[in-house]
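Dumped model-v3.csv below, it's CSV, C-alpha atoms:
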chain,number,residue,atom,x,y,z
A,85,MET,CA,35.5,-2.0,-31.4
A,86,GLU,CA,34.1,-2.4,-34.9
A,87,ALA,CA,30.5,-1.4,-35.6
A,88,GLY,CA,28.5,-4.5,-36.6
A,89,ASN,CA,25.6,-4.0,-39.0
A,90,ASP,CA,24.7,-7.7,-39.1
A,91,THR,CA,23.0,-8.0,-35.7
A,92,GLN,CA,22.1,-11.7,-36.3
A,93,ILE,CA,25.7,-12.8,-35.3
A,94,LEU,CA,26.0,-10.5,-32.2
A,95,GLU,CA,26.5,-11.9,-28.8
A,96,PHE,CA,26.2,-9.8,-25.6
A,97,LEU,CA,28.2,-10.4,-22.4
A,98,LEU,CA,26.2,-10.2,-19.2
A,99,LEU,CA,28.9,-9.2,-16.6
A,100,GLY,CA,26.6,-10.1,-13.6
A,101,PHE,CA,27.8,-9.7,-10.0
A,102,SER,CA,31.3,-10.9,-9.9
A,103,GLU,CA,34.0,-12.6,-11.9
A,104,ASP,CA,35.5,-14.2,-8.8
A,105,PRO,CA,35.2,-18.0,-9.4
A,106,GLU,CA,35.0,-18.6,-5.6
A,107,LEU,CA,31.8,-16.5,-5.4
A,108,GLN,CA,30.0,-18.2,-8.3
A,109,PRO,CA,28.7,-21.2,-6.2
A,110,ILE,CA,27.4,-18.8,-3.6
A,111,ILE,CA,25.6,-16.6,-6.2
A,112,PHE,CA,24.2,-19.8,-7.9
A,113,ALA,CA,22.9,-21.1,-4.5
A,114,LEU,CA,21.4,-17.7,-3.6
A,115,PHE,CA,19.6,-17.2,-6.9
A,116,LEU,CA,18.4,-20.8,-7.1
A,117,SER,CA,17.0,-20.7,-3.5
A,118,MET,CA,15.3,-17.3,-4.2
A,119,TYR,CA,13.9,-18.5,-7.4
A,120,LEU,CA,12.4,-21.7,-5.9
A,121,ILE,CA,11.0,-19.8,-3.0
A,122,THR,CA,9.4,-17.3,-5.4
A,123,VAL,CA,7.8,-19.9,-7.6
A,124,LEU,CA,6.6,-22.1,-4.7
A,125,GLY,CA,5.3,-19.2,-2.6
A,126,ASN,CA,3.4,-17.5,-5.5
A,127,LEU,CA,2.1,-20.9,-6.7
A,128,LEU,CA,0.8,-21.7,-3.2
A,129,ILE,CA,-1.0,-18.3,-3.2
A,130,ILE,CA,-2.6,-19.1,-6.6
A,131,LEU,CA,-3.6,-22.6,-5.5
A,132,ALA,CA,-5.1,-21.3,-2.1
A,133,ILE,CA,-7.2,-18.7,-3.9
A,134,ALA,CA,-8.4,-21.2,-6.6
A,135,SER,CA,-9.3,-23.9,-4.0
A,136,ASP,CA,-11.2,-21.7,-1.6
A,137,SER,CA,-14.6,-20.4,-2.9
A,138,HIS,CA,-14.5,-17.7,-0.1
A,139,LEU,CA,-11.5,-16.1,-1.8
A,140,HIS,CA,-13.3,-15.8,-5.2
A,141,THR,CA,-13.5,-12.1,-4.8
A,142,PRO,CA,-12.0,-9.2,-6.8
A,143,MET,CA,-9.2,-8.5,-4.3
A,144,TYR,CA,-8.0,-12.1,-4.3
A,145,PHE,CA,-8.6,-12.4,-8.1
A,146,PHE,CA,-6.0,-9.6,-8.6
A,147,ILE,CA,-3.7,-11.1,-6.0
A,148,GLY,CA,-3.7,-14.4,-7.9
A,149,ASN,CA,-2.9,-12.5,-11.1
A,150,LEU,CA,-0.1,-10.7,-9.4
A,151,SER,CA,1.4,-13.9,-8.1
A,152,PHE,CA,1.3,-15.4,-11.6
A,153,VAL,CA,3.0,-12.4,-13.1
A,154,ASP,CA,5.7,-12.5,-10.3
A,155,ILE,CA,6.5,-16.1,-11.3
A,156,CYS,CA,6.8,-15.1,-14.9
A,157,LEU,CA,9.0,-12.1,-14.1
A,158,THR,CA,11.6,-14.1,-12.2
A,159,SER,CA,11.5,-16.8,-14.8
A,160,THR,CA,12.5,-14.3,-17.4
A,161,THR,CA,15.9,-13.5,-15.8
A,162,VAL,CA,16.9,-16.0,-13.1
A,163,PRO,CA,17.1,-19.3,-15.2
A,164,LYS,CA,19.6,-17.5,-17.6
A,165,VAL,CA,21.7,-16.4,-14.6
A,166,LEU,CA,21.8,-20.0,-13.3
A,167,LEU,CA,22.6,-21.4,-16.7
A,168,ASN,CA,25.4,-19.0,-17.3
A,169,ILE,CA,27.0,-19.7,-13.9
A,170,GLN,CA,26.6,-23.5,-14.5
A,171,MET,CA,28.1,-23.2,-18.0
A,172,GLN,CA,30.8,-20.7,-16.8
A,173,SER,CA,29.7,-18.4,-19.5
A,174,LYS,CA,28.5,-14.8,-19.7
A,175,VAL,CA,27.1,-14.9,-23.2
A,176,ILE,CA,23.6,-14.2,-24.3
A,177,THR,CA,22.7,-14.1,-28.0
A,178,TYR,CA,21.3,-11.0,-29.7
A,179,GLU,CA,17.9,-12.7,-30.2
A,180,GLY,CA,17.9,-14.0,-26.6
A,181,CYS,CA,18.7,-10.6,-25.3
A,182,VAL,CA,15.8,-8.9,-27.2
A,183,THR,CA,13.4,-11.7,-26.2
A,184,GLN,CA,14.4,-11.5,-22.5
A,185,MET,CA,14.1,-7.7,-22.6
A,186,TYR,CA,10.6,-7.9,-24.2
A,187,PHE,CA,9.2,-10.3,-21.6
A,188,PHE,CA,10.9,-8.4,-18.7
A,189,LEU,CA,9.2,-5.2,-19.8
A,190,LEU,CA,5.9,-7.0,-20.3
A,191,PHE,CA,5.8,-8.5,-16.8
A,192,VAL,CA,7.2,-5.4,-15.0
A,193,GLY,CA,4.5,-3.4,-16.7
A,194,LEU,CA,1.9,-5.9,-15.6
A,195,ASP,CA,3.1,-5.7,-12.0
A,196,ASN,CA,2.8,-1.9,-12.2
A,197,PHE,CA,-0.7,-1.9,-13.6
A,198,LEU,CA,-2.0,-4.7,-11.4
A,199,LEU,CA,-0.9,-2.8,-8.3
A,200,THR,CA,-2.8,0.2,-9.6
A,201,VAL,CA,-5.9,-1.9,-10.3
A,202,MET,CA,-5.7,-3.4,-6.8
A,203,ALA,CA,-5.5,0.2,-5.3
A,204,TYR,CA,-8.7,1.0,-7.3
A,205,ASP,CA,-10.4,-2.1,-5.9
A,206,ARG,CA,-9.6,-1.1,-2.3
A,207,PHE,CA,-10.8,2.4,-3.1
A,208,MET,CA,-14.2,1.1,-4.3
A,209,ALA,CA,-14.5,-1.4,-1.4
A,210,ILE,CA,-13.9,1.2,1.3
A,211,CYS,CA,-15.2,4.4,-0.2
A,212,HIS,CA,-18.2,3.0,-2.1
A,213,PRO,CA,-19.1,-0.2,-0.3
A,214,LEU,CA,-22.8,-0.2,-1.5
A,215,HIS,CA,-21.8,-0.1,-5.1
A,216,TYR,CA,-18.8,-2.3,-4.8
A,217,THR,CA,-20.3,-5.7,-5.8
A,218,VAL,CA,-22.2,-4.1,-8.7
A,219,ILE,CA,-19.2,-2.3,-10.2
A,220,MET,CA,-16.4,-4.8,-9.4
A,221,ASN,CA,-18.3,-7.7,-11.0
A,222,PRO,CA,-16.3,-10.6,-12.5
A,223,HIS,CA,-16.7,-9.3,-16.1
A,224,PHE,CA,-15.3,-5.9,-15.2
A,225,CYS,CA,-12.4,-7.5,-13.2
A,226,TRP,CA,-11.4,-9.6,-16.2
A,227,LEU,CA,-11.7,-6.5,-18.4
A,228,LEU,CA,-9.3,-4.6,-16.1
A,229,VAL,CA,-6.8,-7.4,-16.3
A,230,LEU,CA,-7.1,-7.7,-20.0
A,231,LEU,CA,-6.5,-3.9,-20.3
A,232,CYS,CA,-3.3,-4.3,-18.2
A,233,TRP,CA,-2.1,-7.1,-20.6
A,234,ILE,CA,-2.9,-5.0,-23.7
A,235,ILE,CA,-1.0,-1.9,-22.5
A,236,SER,CA,1.9,-4.0,-21.3
A,237,VAL,CA,2.2,-6.0,-24.5
A,238,LEU,CA,2.1,-2.9,-26.6
A,239,HIS,CA,4.7,-1.1,-24.5
A,240,ALA,CA,7.1,-4.0,-24.5
A,241,LEU,CA,6.6,-4.5,-28.2
A,242,LEU,CA,7.3,-0.8,-28.9
A,243,GLU,CA,10.5,-0.7,-26.9
A,244,SER,CA,11.8,-4.0,-28.4
A,245,LEU,CA,11.1,-2.9,-32.0
A,246,LEU,CA,13.0,0.4,-31.3
A,247,VAL,CA,15.9,-1.6,-30.0
A,248,LEU,CA,15.9,-3.8,-33.2
A,249,ARG,CA,16.6,-0.7,-35.3
A,250,LEU,CA,19.9,0.0,-33.5
A,251,SER,CA,23.3,-1.1,-34.5
A,252,PHE,CA,25.7,-2.6,-32.0
A,253,CYS,CA,29.4,-3.1,-31.7
A,254,ARG,CA,30.9,-6.5,-31.3
A,255,ASP,CA,31.6,-7.9,-27.8
A,256,VAL,CA,29.1,-5.6,-26.1
A,257,GLU,CA,29.4,-5.8,-22.3
A,258,ILE,CA,26.3,-5.2,-20.3
A,259,PRO,CA,27.0,-4.5,-16.6
A,260,GLN,CA,23.9,-6.5,-15.5
A,261,PHE,CA,22.8,-10.0,-14.9
A,262,PHE,CA,20.0,-9.6,-17.6
A,263,CYS,CA,19.3,-7.5,-20.6
A,264,GLU,CA,17.9,-4.3,-19.1
A,265,LEU,CA,16.5,-1.8,-21.6
A,266,ASN,CA,18.5,1.3,-20.6
A,267,GLN,CA,21.8,-0.6,-20.4
A,268,VAL,CA,21.3,-2.2,-23.9
A,269,VAL,CA,20.4,1.2,-25.5
A,270,GLN,CA,23.3,2.9,-23.9
A,271,ARG,CA,25.7,0.4,-25.6
A,272,ALA,CA,24.4,1.0,-29.1
A,273,CYS,CA,26.8,2.3,-31.8
A,274,SER,CA,24.0,4.1,-33.7
A,275,ASP,CA,22.0,7.2,-32.7
A,276,THR,CA,19.6,6.5,-29.8
A,277,PHE,CA,17.8,9.8,-29.6
A,278,ILE,CA,14.4,8.3,-30.5
A,279,ASN,CA,14.9,5.4,-28.0
A,280,ASP,CA,15.9,7.9,-25.2
A,281,VAL,CA,12.8,10.1,-25.9
A,282,VAL,CA,10.4,7.1,-25.9
A,283,ILE,CA,11.9,5.6,-22.8
A,284,TYR,CA,11.6,9.0,-21.0
A,285,PHE,CA,8.1,9.6,-22.2
A,286,VAL,CA,6.8,6.1,-21.4
A,287,SER,CA,8.5,6.2,-18.0
A,288,VAL,CA,6.6,9.4,-17.1
A,289,LEU,CA,3.3,8.2,-18.6
A,290,LEU,CA,3.2,4.5,-17.6
A,291,GLY,CA,5.2,5.0,-14.4
A,292,GLY,CA,3.8,8.3,-13.1
A,293,GLY,CA,0.2,7.7,-14.2
A,294,PRO,CA,-0.3,4.5,-12.2
A,295,LEU,CA,1.6,5.9,-9.3
A,296,SER,CA,-0.6,9.0,-9.3
A,297,GLY,CA,-3.7,6.7,-9.4
A,298,ILE,CA,-2.4,4.8,-6.4
A,299,PHE,CA,-1.8,8.0,-4.5
A,300,PHE,CA,-5.3,9.3,-5.4
A,301,SER,CA,-7.0,6.0,-4.3
A,302,TYR,CA,-5.3,6.0,-1.0
A,303,SER,CA,-5.8,9.7,-0.3
A,304,LYS,CA,-9.6,9.0,-0.8
A,305,ILE,CA,-9.3,5.9,1.4
A,306,LEU,CA,-7.6,7.9,4.1
A,307,SER,CA,-10.2,10.6,4.0
A,308,SER,CA,-13.0,8.1,4.2
A,309,VAL,CA,-11.4,6.2,7.1
A,310,CYS,CA,-10.8,9.5,9.0
A,311,VAL,CA,-14.5,10.3,9.0
A,312,THR,CA,-15.4,6.8,10.2
A,313,SER,CA,-16.3,6.9,13.9
A,314,SER,CA,-16.1,3.1,14.4
A,315,MET,CA,-12.6,1.9,15.5
A,316,GLN,CA,-13.5,-1.5,14.2
A,317,GLY,CA,-14.2,0.0,10.8
A,318,LYS,CA,-10.9,1.8,10.8
A,319,HIS,CA,-9.0,-1.3,11.8
A,320,LYS,CA,-10.7,-3.4,9.1
A,321,ALA,CA,-9.9,-0.7,6.4
A,322,PHE,CA,-6.3,-0.5,7.4
A,323,SER,CA,-5.9,-4.3,7.6
A,324,THR,CA,-7.2,-4.8,4.1
A,325,CYS,CA,-4.9,-2.2,2.7
A,326,ALA,CA,-1.7,-2.9,4.7
A,327,SER,CA,-0.5,-5.8,2.6
A,328,HIS,CA,-1.1,-4.0,-0.7
A,329,LEU,CA,0.6,-0.9,0.6
A,330,SER,CA,3.6,-3.0,1.7
A,331,VAL,CA,3.9,-4.5,-1.8
A,332,VAL,CA,3.4,-1.1,-3.5
A,333,SER,CA,6.1,0.4,-1.4
A,334,LEU,CA,8.5,-2.4,-2.0
A,335,PHE,CA,7.9,-2.4,-5.8
A,336,TYR,CA,8.2,1.3,-6.3
A,337,PHE,CA,11.0,2.1,-3.9
A,338,THR,CA,13.2,-0.6,-5.3
A,339,SER,CA,12.4,0.2,-9.0
A,340,ILE,CA,13.0,3.9,-8.4
A,341,GLY,CA,16.2,3.0,-6.5
A,342,VAL,CA,17.4,1.1,-9.6
A,343,TYR,CA,17.1,4.1,-11.9
A,344,VAL,CA,18.4,6.6,-9.4
A,345,SER,CA,21.5,4.4,-8.7
A,346,SER,CA,22.1,3.8,-12.4
A,347,SER,CA,21.9,7.6,-13.1
A,348,VAL,CA,23.9,8.8,-10.0
A,349,MET,CA,26.3,5.9,-9.4
A,350,HIS,CA,28.9,4.8,-11.9
A,351,ASN,CA,29.5,1.6,-9.9
A,352,GLY,CA,28.0,-1.2,-12.0
A,353,HIS,CA,28.1,-3.5,-9.0
A,354,SER,CA,25.7,-1.3,-7.0
A,355,VAL,CA,23.3,-1.0,-9.9
A,356,THR,CA,23.3,-4.8,-10.3
A,357,VAL,CA,22.6,-5.4,-6.6
A,358,ALA,CA,19.7,-2.8,-6.7
A,359,SER,CA,18.3,-4.6,-9.8
A,360,ALA,CA,18.4,-7.9,-8.1
A,361,VAL,CA,16.3,-6.5,-5.2
A,362,TYR,CA,13.9,-5.1,-7.7
A,363,THR,CA,13.5,-8.1,-10.0
A,364,VAL,CA,14.1,-11.1,-7.7
A,365,VAL,CA,13.8,-10.2,-4.0
A,366,THR,CA,10.5,-8.3,-4.4
A,367,PRO,CA,8.5,-11.1,-6.1
A,368,MET,CA,9.9,-13.5,-3.5
A,369,LEU,CA,8.7,-11.4,-0.6
A,370,ASN,CA,5.2,-10.7,-2.0
A,371,PRO,CA,3.7,-14.2,-1.0
A,372,PHE,CA,5.0,-13.7,2.6
A,373,ILE,CA,3.5,-10.3,2.8
A,374,TYR,CA,0.1,-11.5,1.6
A,375,SER,CA,0.1,-14.8,3.6
A,376,LEU,CA,1.5,-13.6,6.9
A,377,ARG,CA,-0.7,-10.5,7.1
A,378,ASN,CA,-3.9,-12.2,5.8
A,379,LYS,CA,-6.0,-14.6,7.9
A,380,ASP,CA,-8.1,-15.6,4.9
A,381,ILE,CA,-5.1,-16.8,2.8
A,382,LYS,CA,-3.6,-18.5,5.9
A,383,GLY,CA,-6.9,-20.3,6.4
A,384,ALA,CA,-7.1,-21.2,2.7
A,385,LEU,CA,-3.5,-22.6,2.8
A,386,LYS,CA,-4.3,-24.7,5.8
A,387,SER,CA,-7.4,-26.1,4.2
A,388,PHE,CA,-5.5,-26.8,1.0
A,389,PHE,CA,-2.7,-28.7,2.8
A,390,LYS,CA,-5.3,-30.7,4.7
A,391,LYS,CA,-7.0,-31.7,1.4
A,392,VAL,CA,-3.6,-32.7,0.0
A,393,ILE,CA,-2.7,-34.8,3.1
A,394,MET,CA,-6.1,-36.4,3.3
A,395,GLY,CA,-6.0,-37.2,-0.4
A,396,HIS,CA,-2.6,-39.0,0.0
A,397,LEU,CA,-3.8,-40.9,3.2
A,398,SER,CA,-7.1,-42.1,1.6
Mind turning the file's structure into structure tokens?
Amino acid sequence: MEAGNDTQILEFLLLGFSEDPELQPIIFALFLSMYLITVLGNLLIILAIASDSHLHTPMYFFIGNLSFVDICLTSTTVPKVLLNIQMQSKVITYEGCVTQMYFFLLFVGLDNFLLTVMAYDRFMAICHPLHYTVIMNPHFCWLLVLLCWIISVLHALLESLLVLRLSFCRDVEIPQFFCELNQVVQRACSDTFINDVVIYFVSVLLGGGPLSGIFFSYSKILSSVCVTSSMQGKHKAFSTCASHLSVVSLFYFTSIGVYVSSSVMHNGHSVTVASAVYTVVTPMLNPFIYSLRNKDIKGALKSFFKKVIMGHLS
């Protein structure tokens, strides 16, 4: 393949899951159903929290933000998959690829940081209940979310700008259903040393840092719960943390699985399936985890639907 210096005319090919024409309708239906469930489920969580004044607390404020980010994350990749299947095309333009990569990095980073902030919120609520309402005031909560956005925007911008300096060959094939950073960098014709160093450094710093913060928060929570003599207090502490722990486990295990599978396995299909779990299935399951295990959200959803039904009847 010829090296192409004019990246403006480049088109990448997203190989996706399968080239078998008989499987395309099944893949289309699967992705469409998962996307609709993700958007509807997370939107209902946001509406339930917004409509119920009892849920205007730091914990639900962060859950609402997480739901919004999950909608944006799936909207970054899935619509393009559906469009390509419908158009029977695997093409994504150079500009479209870089744009998709930027927003994907942005929203994955936000997911990562919001889960860390939520762990800190649980730590303050359980380990320092007397100071909780003073420290976790609305202004501080908005400040934490703003900080998450600033770091995520700067990280996504840095990685995207570093990709823009690379030269690519024509007819670049990406064994994914979206423009994933590592896959794009690996297919560059020019030297990628700086990109590789930055990706590794940022992965350790922005991946290991928040994960360490989550481990620290829950180690302190566990120590605090163990010294509590009341069984009711222990049950309340575990019930408030169970949903968050489930989401954290799902997010980190699947994301780590993607990078392990891409490093160990040379089977592109396995990596693509792992990426689908990480980017599509996880955001879809989050609303179920928070609604099924949370009486407050279930009650808010019931009240919301009652208001909607009464509004149509009146």
Region 116-125 of chain A surroundings by only C-alpha atoms, 10 Å radius, close-in-sequence under 5 positions cut, as a ChimeraX atom specification: /A:110-111,130-131,151-152,154-156,158-159,161-163,165-166,364-372,375
Output file for the selection above: C-alpha atoms, as an mmCIF file, in the frame of the given file:
data_model
loop_
_atom_site.group_PDB
_atom_site.id
_atom_site.type_symbol
_atom_site.label_atom_id
_atom_site.label_comp_id
_atom_site.auth_asym_id
_atom_site.auth_seq_id
_atom_site.Cartn_x
_atom_site.Cartn_y
_atom_site.Cartn_z
ATOM 1 C CA ILE A 110 27.400 -18.800 -3.600
ATOM 2 C CA ILE A 111 25.600 -16.600 -6.200
ATOM 3 C CA ILE A 130 -2.600 -19.100 -6.600
ATOM 4 C CA LEU A 131 -3.600 -22.600 -5.500
ATOM 5 C CA SER A 151 1.400 -13.900 -8.100
ATOM 6 C CA PHE A 152 1.300 -15.400 -11.600
ATOM 7 C CA ASP A 154 5.700 -12.500 -10.300
ATOM 8 C CA ILE A 155 6.500 -16.100 -11.300
ATOM 9 C CA CYS A 156 6.800 -15.100 -14.900
ATOM 10 C CA THR A 158 11.600 -14.100 -12.200
ATOM 11 C CA SER A 159 11.500 -16.800 -14.800
ATOM 12 C CA THR A 161 15.900 -13.500 -15.800
ATOM 13 C CA VAL A 162 16.900 -16.000 -13.100
ATOM 14 C CA PRO A 163 17.100 -19.300 -15.200
ATOM 15 C CA VAL A 165 21.700 -16.400 -14.600
ATOM 16 C CA LEU A 166 21.800 -20.000 -13.300
ATOM 17 C CA VAL A 364 14.100 -11.100 -7.700
ATOM 18 C CA VAL A 365 13.800 -10.200 -4.000
ATOM 19 C CA THR A 366 10.500 -8.300 -4.400
ATOM 20 C CA PRO A 367 8.500 -11.100 -6.100
ATOM 21 C CA MET A 368 9.900 -13.500 -3.500
ATOM 22 C CA LEU A 369 8.700 -11.400 -0.600
ATOM 23 C CA ASN A 370 5.200 -10.700 -2.000
ATOM 24 C CA PRO A 371 3.700 -14.200 -1.000
ATOM 25 C CA PHE A 372 5.000 -13.700 2.600
ATOM 26 C CA SER A 375 0.100 -14.800 3.600
#
Nearest to Leu248 (chain A) by atom-to-atom distance, counting all atoms listed in the file, from A:Glu179, A:Ser287, A:Leu228, A:Asn196: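 Selected residue with least distance to Leu248 (chain A): A:Glu179.
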Nearest candidate to His223 (chain A) (options A:Val175, A:Val256, A:Met185, A:Pro142; using all atoms listed in the file):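 Residue with the minimum atom-to-atom distance to His223 (chain A): A:Pro142.
Excluding Thr217 (chain A) itself and same-chain residues fewer than 5 positions from it, the residues having an atom within 10 Å of it are A:Thr141, A:Pro142, A:Met208, A:Ala209, A:His212, A:Pro222, counting all atoms listed in the file.
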d(CA of Val247 (chain A), CA of Gly341 (chain A)) in Å: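 Between these atoms lies a distance of 23.9 Å.
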Asp275 (chain A) environment, 10 Å, only C-alpha atoms, sequence neighbours closer than 6 positions dropped, as JSON, numbers by chain: {"A": [249, 250, 251, 269]}
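In this comparison, which uses all atoms listed in the file, the residue of A:Leu329, A:Ile235, A:Leu385, A:Leu245 approaching Thr183 (chain A) most closely is A:Leu245.
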For the contact check between region 94-182 of chain A and region 355-359 of chain A, emit one row per residue of region 94-182 of chain A within 10 Å, containing the shortest atom pair and the distance in Å rounded to one decimal, counting only C-alpha atoms, chain then rising number order, as JSON lines.
{"residue": "A:Leu99", "atom": "CA", "partner": "A:Thr356", "partner_atom": "CA", "distance": 9.5}
{"residue": "A:Gly100", "atom": "CA", "partner": "A:Thr356", "partner_atom": "CA", "distance": 7.1}
{"residue": "A:Phe101", "atom": "CA", "partner": "A:Thr356", "partner_atom": "CA", "distance": 6.7}
Taking all atoms of region 106-120 of chain A that the file lists and extending 3 Å past them on each side, where is the centre of the axis-aligned box and how long are its edges? Answer in Å to one decimal, as JSON.
{"center_x": 23.7, "center_y": -19.1, "center_z": -5.9, "size_x": 28.6, "size_y": 11.2, "size_z": 10.8}
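Minimum atom-to-atom distances from A:Phe188, A:Phe285, A:Phe299, A:Phe145 to Trp226 (chain A) were compared using only C-alpha atoms, and the lowest value belongs to A:Phe145.
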Among listed residues A:Leu94, A:Cys273, A:Ala384, A:Val332, nearest Ala134 (chain A) (using all atoms listed in the file):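 Counting all atoms listed in the file, the residue closest to Ala134 (chain A) is A:Ala384.
The closest residue to Val229 (chain A), picked from A:Tyr186, A:Phe207, A:Phe96, A:Phe146 and counting only C-alpha atoms, is A:Phe146.
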Interatomic distance (Å, one decimal) between CA of His138 (chain A) and CA of Leu306 (chain A):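 Computed distance, CA of His138 (chain A) to CA of Leu306 (chain A), equals 26.8 Å.
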Reconstructed N, CA and C atoms for region 278-289 of chain A, given as a PDB file, in the coordinates of the input:
ATOM      1  N   ILE A 278      15.794   8.686 -30.527  1.00  0.00           N
ATOM      2  CA  ILE A 278      14.400   8.300 -30.500  1.00  0.00           C
ATOM      3  C   ILE A 278      14.121   7.325 -29.344  1.00  0.00           C
ATOM      4  N   ASN A 279      15.038   6.382 -29.138  1.00  0.00           N
ATOM      5  CA  ASN A 279      14.900   5.400 -28.000  1.00  0.00           C
ATOM      6  C   ASN A 279      14.859   6.161 -26.683  1.00  0.00           C
ATOM      7  N   ASP A 280      15.771   7.127 -26.500  1.00  0.00           N
ATOM      8  CA  ASP A 280      15.900   7.900 -25.200  1.00  0.00           C
ATOM      9  C   ASP A 280      14.575   8.670 -24.988  1.00  0.00           C
ATOM     10  N   VAL A 281      14.047   9.300 -26.047  1.00  0.00           N
ATOM     11  CA  VAL A 281      12.800  10.100 -25.900  1.00  0.00           C
ATOM     12  C   VAL A 281      11.638   9.194 -25.542  1.00  0.00           C
ATOM     13  N   VAL A 282      11.530   8.048 -26.220  1.00  0.00           N
ATOM     14  CA  VAL A 282      10.400   7.100 -25.900  1.00  0.00           C
ATOM     15  C   VAL A 282      10.528   6.553 -24.537  1.00  0.00           C
ATOM     16  N   ILE A 283      11.735   6.167 -24.126  1.00  0.00           N
ATOM     17  CA  ILE A 283      11.900   5.600 -22.800  1.00  0.00           C
ATOM     18  C   ILE A 283      11.529   6.653 -21.728  1.00  0.00           C
ATOM     19  N   TYR A 284      11.949   7.909 -21.925  1.00  0.00           N
ATOM     20  CA  TYR A 284      11.600   9.000 -21.000  1.00  0.00           C
ATOM     21  C   TYR A 284      10.108   9.229 -20.945  1.00  0.00           C
ATOM     22  N   PHE A 285       9.511   9.346 -22.125  1.00  0.00           N
ATOM     23  CA  PHE A 285       8.100   9.600 -22.200  1.00  0.00           C
ATOM     24  C   PHE A 285       7.240   8.525 -21.611  1.00  0.00           C
ATOM     25  N   VAL A 286       7.591   7.272 -21.950  1.00  0.00           N
ATOM     26  CA  VAL A 286       6.800   6.100 -21.400  1.00  0.00           C
ATOM     27  C   VAL A 286       7.019   5.970 -19.931  1.00  0.00           C
ATOM     28  N   SER A 287       8.227   6.264 -19.437  1.00  0.00           N
ATOM     29  CA  SER A 287       8.500   6.200 -18.000  1.00  0.00           C
ATOM     30  C   SER A 287       7.593   7.148 -17.222  1.00  0.00           C
ATOM     31  N   VAL A 288       7.463   8.355 -17.768  1.00  0.00           N
ATOM     32  CA  VAL A 288       6.600   9.400 -17.100  1.00  0.00           C
ATOM     33  C   VAL A 288       5.143   8.976 -17.213  1.00  0.00           C
ATOM     34  N   LEU A 289       4.725   8.540 -18.402  1.00  0.00           N
ATOM     35  CA  LEU A 289       3.300   8.200 -18.600  1.00  0.00           C
ATOM     36  C   LEU A 289       2.871   6.943 -17.928  1.00  0.00           C
TER      37      LEU A 289
END
